[in-house]
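Have a look at the structure below before the remarks.
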Amino acid sequence: MATIKDVARTAGVAISTVSLTFASPERVSPDTAQRVWKAADLLGYRPNPLAQSLKRGRSRMIGVLVGDISSPFFGRLLKAVERRALERGYLMIVADTDADPQRELEMLDQFTAQRIAGLLISPHGSSAAYGRRLSTCKTPLVMVDHRFRGAALDYVASDTRMAARMLTDHLINLGHRRIAQITGPVQLYTAAERIEGYREALAAAGLEADESLVVDGRYRDVGSYEQTMRLMTRVDRPTAILAASNMMALGALQAIQELGYACPKDVSLATIDDIPWSAVIQPKLTMVLQDIERIAQVSTDYLLDRIESTSPDKLAPRETVLIPRLFIGNSTAPPPSMNGA
């Protein structure tokens with residue numbers, strides 16, 4: 001069986017260089033790392049990850065806690081995080097918390113017990129106790145998408161308030177005055193921000209918000225379907241709907257079509273984030289797009305920089321908020337009253 005000495009001799013480097021290549025590949029030159037890995041492959045040698053973890057006191061594994069692994073947003077995020085982590089010599093493990101704050105804390109404890117190097121988390125908790133747990137965690141944490149207000153942690157996301165305002169402005173400019181928003185649970189940062197963006201756009205246009213048109217779809221397609229059914233069977237139904245997530249947009253579109261309405265002839269629909277198979281779904285949805293790959297890259301780099309820092313406690317919390325992009329499809333149009341209907 002090949003040993004680390006054999007790898008060093010074959011690669012023509014010191015044993016310490018081989019060890020450093022396996023433990024911290026970013027600290028050796030690319031040429032040296034390539035020689036070491038080539039020698040290891042030739043000899044069939046692989047470092048023992050458990051032994052490395054025990055020696056360092058932590059693993060080269062990062063965790064990611066998300067509220068819904070089936071969400072297209074988090075699916076793309078996880079793929080990009082894993083790619084970035086591998087580039088820097090780390091593996092990724094994922095846990096789906098079903099947006100349950102208590103489960104998030106339980107998984108945080110589990111990951112910490114496994115000596116995980118650090119954690120990306122999309123926090124769903126809102127209590128003071130939840131915030132204290134995040135703030136006092138010794139394992140490096142970075143918040144992604146959602147955030148806990150007041151927690152002195154790194155944070156990476158898109159400007160979610162701006163996203164909602166962009167869509168609301170677009171609908172107002174088309175002539176809509178009764179605009180509904182199907183949102184997530186209001187205790188969540190993104191949901192609260194998207195509601196504020198919606199309200200700001202209405203206020204800037206001199207329009208009074210009808211709070212009965214702001215409904216909770218729980219960031220789920222089923223919840224959005226049910227809320228759209230209620231909205232569209234009202235006597236004073238809205239002429240436009242802003243679905244605050246892509247999965248809720250699908251639920252809303254299904255309800256609109258099942259009720260026999262046409263989109264956008266009878267009601268306009270806009271959403272935040274692209275949806276699966278958007279190229280074949282009709283109508284093509286108007287949406288605000290987030291740079292998910294960039295969010296993943298920055299958040300992973302923030303986490304790994306903190307993990308590898310010799311004085312992580314001295315790193316001040318960092319924040320990156322990216323500007324989203326508006327894409328105008330054919331699911332939005334002037335309201336029926338302006339089309340002679």
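Ordered as shown in the structure tokens, chains take letters A, B, and onward, while each chain numbers its residues from 1 and ligands are numbered from 1 in the order shown.
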Exercise for review: Name the residues of segment 84-184 of chain A that come out as strand (DSSP E) in a backbone DSSP run; write them as an MDAnalysis selection string.
Suggested key: chainID A and resid 91:96 118:121 141:144 154:158 179:183
Check your understanding: Among segment 58-257 of chain A, which ones does DSSP place in helix (DSSP H, G or I), written as an MDAnalysis selection string?
Key -> chainID A and resid 72:87 101:113 128:135 160:173 189:204 211:213 221:232 246:257
Review point. If we count only C-alpha atoms, what is near segment 64-75 of chain A at a cut-off of 10 Å, once residues fewer than 6 positions away on the same chain are taken out, given as a PyMOL selection string?
Key: chain A and resi 81-82+92-101+103-105+107-108+111+118-124+141-146+219-220+245-247+273-276+290+292+296
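You can rank A:Met61, A:Arg318, A:Pro283, A:Ile195 by their closest distance to Asn330 of chain A using only C-alpha atoms, and at the top of that list sits A:Pro283.
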Review point. Got a sec: who's within 8 Å of Ser135 of chain A, counting only C-alpha atoms, leaving out chain neighbours fewer than 5 positions off, as a PyMOL selection string?
Key: chain A and resi 151-153
**Study point:** Distance of atom CA of Arg178 of chain A from atom CA of Arg237 of chain A, expressed in Å to one decimal place
**Key:**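 Value for the atom CA of Arg237 of chain A-atom CA of Arg178 of chain A distance: 7.8 Å.
With only C-alpha atoms taken into account, the protein and nucleic acid residues at most 9 Å from Val7 of chain A (excluding it and anything under 6 positions from it in its own chain) are A:Val13, A:Ile15, A:Val18, A:Val36, A:Trp37, A:Ala39, A:Ala40, A:Leu42, A:Leu43, A:Tyr45.
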Review point. With distances taken over only C-alpha atoms, which of A:Ala23, A:Ile62, A:Ala252, A:Leu289 is nearest to Arg84 of chain A?
Key: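 Going through A:Ala23, A:Ile62, A:Ala252, A:Leu289 one by one, the smallest distance to Arg84 of chain A is for A:Ile62.
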Exercise for review: Pick out the residues sitting within 12 Å of Pro312 of chain A, and hand them over as JSON, numbers by chain; count only C-alpha atoms, and ignore anything fewer than 3 positions along from it in its own chain.
Suggested key: {"A": [118, 138, 139, 140, 141, 153, 154, 302, 303, 304, 305, 306, 307, 308, 309, 315, 316, 317]}
Please, could you write that set of residues out with N, CA and C atoms as a tab-separated table (two decimals), in the first residue's frame?
chain	number	residue	atom	x	y	z
A	118	GLY	N	-17.37	24.79	8.37
A	118	GLY	CA	-18.17	26.00	8.34
A	118	GLY	C	-19.51	25.72	7.72
A	138	LYS	N	-19.53	28.90	17.39
A	138	LYS	CA	-18.09	28.97	17.17
A	138	LYS	C	-17.70	28.53	15.76
A	139	THR	N	-18.58	27.80	15.11
A	139	THR	CA	-18.33	27.39	13.73
A	139	THR	C	-18.61	28.56	12.80
A	140	PRO	N	-17.73	28.85	11.85
A	140	PRO	CA	-17.98	29.96	10.93
A	140	PRO	C	-19.30	29.81	10.19
A	141	LEU	N	-20.08	30.89	10.15
A	141	LEU	CA	-21.39	30.88	9.48
A	141	LEU	C	-21.46	32.03	8.48
A	153	LEU	N	-23.04	38.51	11.27
A	153	LEU	CA	-22.53	37.45	10.43
A	153	LEU	C	-22.42	37.94	8.98
A	154	ASP	N	-21.57	37.30	8.20
A	154	ASP	CA	-21.50	37.60	6.78
A	154	ASP	C	-22.86	37.31	6.13
A	302	TYR	N	-16.61	33.83	1.11
A	302	TYR	CA	-16.68	34.42	2.45
A	302	TYR	C	-16.46	33.35	3.52
A	303	LEU	N	-17.14	32.23	3.35
A	303	LEU	CA	-17.06	31.17	4.35
A	303	LEU	C	-15.66	30.57	4.41
A	304	LEU	N	-15.09	30.25	3.25
A	304	LEU	CA	-13.77	29.61	3.25
A	304	LEU	C	-12.68	30.57	3.69
A	305	ASP	N	-12.81	31.84	3.36
A	305	ASP	CA	-11.84	32.82	3.86
A	305	ASP	C	-11.87	32.89	5.38
A	306	ARG	N	-13.07	32.81	5.94
A	306	ARG	CA	-13.19	32.85	7.40
A	306	ARG	C	-12.65	31.57	8.02
A	307	ILE	N	-12.93	30.44	7.39
A	307	ILE	CA	-12.42	29.16	7.88
A	307	ILE	C	-10.90	29.14	7.91
A	308	GLU	N	-10.29	29.67	6.84
A	308	GLU	CA	-8.84	29.59	6.69
A	308	GLU	C	-8.08	30.74	7.34
A	309	SER	N	-8.82	31.72	7.86
A	309	SER	CA	-8.17	32.85	8.51
A	309	SER	C	-7.54	32.41	9.83
A	315	LEU	N	-12.14	39.27	11.74
A	315	LEU	CA	-12.74	39.64	10.46
A	315	LEU	C	-14.11	40.28	10.72
A	316	ALA	N	-14.28	41.52	10.33
A	316	ALA	CA	-15.58	42.17	10.50
A	316	ALA	C	-16.61	41.52	9.59
A	317	PRO	N	-17.88	41.47	10.01
A	317	PRO	CA	-18.93	40.90	9.15
A	317	PRO	C	-18.97	41.62	7.80
**Study point:** Residues near Gln257 of chain A, cut-off 12 Å, only C-alpha atoms, skip fewer than 2 positions along chain, as JSON, numbers by chain
**Key:** {"A": [225, 228, 229, 232, 250, 251, 252, 253, 254, 255, 259, 260, 261, 262, 263, 264, 265, 266, 267, 269, 282, 283]}
Restricting it to C-alpha atoms, dump the selection as a compact mmCIF listing (two decimals), in the first residue's frame.
# COMPACT_ATOMS: atom_id res chain seq x y z
CA TYR A 225 -52.55 28.08 -5.82
CA THR A 228 -54.83 32.74 -6.14
CA MET A 229 -58.12 30.86 -6.12
CA MET A 232 -59.51 35.54 -8.43
CA LEU A 250 -46.41 28.19 -10.98
CA GLY A 251 -49.16 27.69 -8.41
CA ALA A 252 -50.73 31.03 -9.34
CA LEU A 253 -50.62 30.28 -13.08
CA GLN A 254 -52.26 26.90 -12.51
CA ALA A 255 -55.13 28.50 -10.55
CA LEU A 259 -60.56 29.21 -13.37
CA GLY A 260 -60.75 29.85 -17.09
CA TYR A 261 -58.90 33.14 -17.10
CA ALA A 262 -56.28 34.06 -19.67
CA CYS A 263 -52.92 35.51 -18.70
CA PRO A 264 -52.29 38.37 -19.39
CA LYS A 265 -55.61 39.20 -21.07
CA ASP A 266 -57.60 38.85 -17.84
CA VAL A 267 -54.85 39.11 -15.25
CA LEU A 269 -48.61 37.69 -13.53
CA GLN A 282 -46.77 29.90 -21.79
CA PRO A 283 -47.10 32.71 -21.27
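Atom to atom, atom CA of Ala14 of chain A and atom CA of Arg27 of chain A stand 14.5 Å apart.
Distances here use only C-alpha atoms; by that measure, the residue among A:Gly63, A:Gly89, A:Gly12, A:Gly131 closest to Pro25 of chain A is A:Gly89.
Interatomic distance, atom CA of Arg83 of chain A to atom CA of Arg60 of chain A: 14.3 Å.
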Point to revise | Selected residue, from A:Met1, A:Arg177, A:Ile172, A:Ile182, that lies nearest to Val222 of chain A when counting only C-alpha atoms | key: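 Under the stated criterion, the closest residue is A:Ile182.
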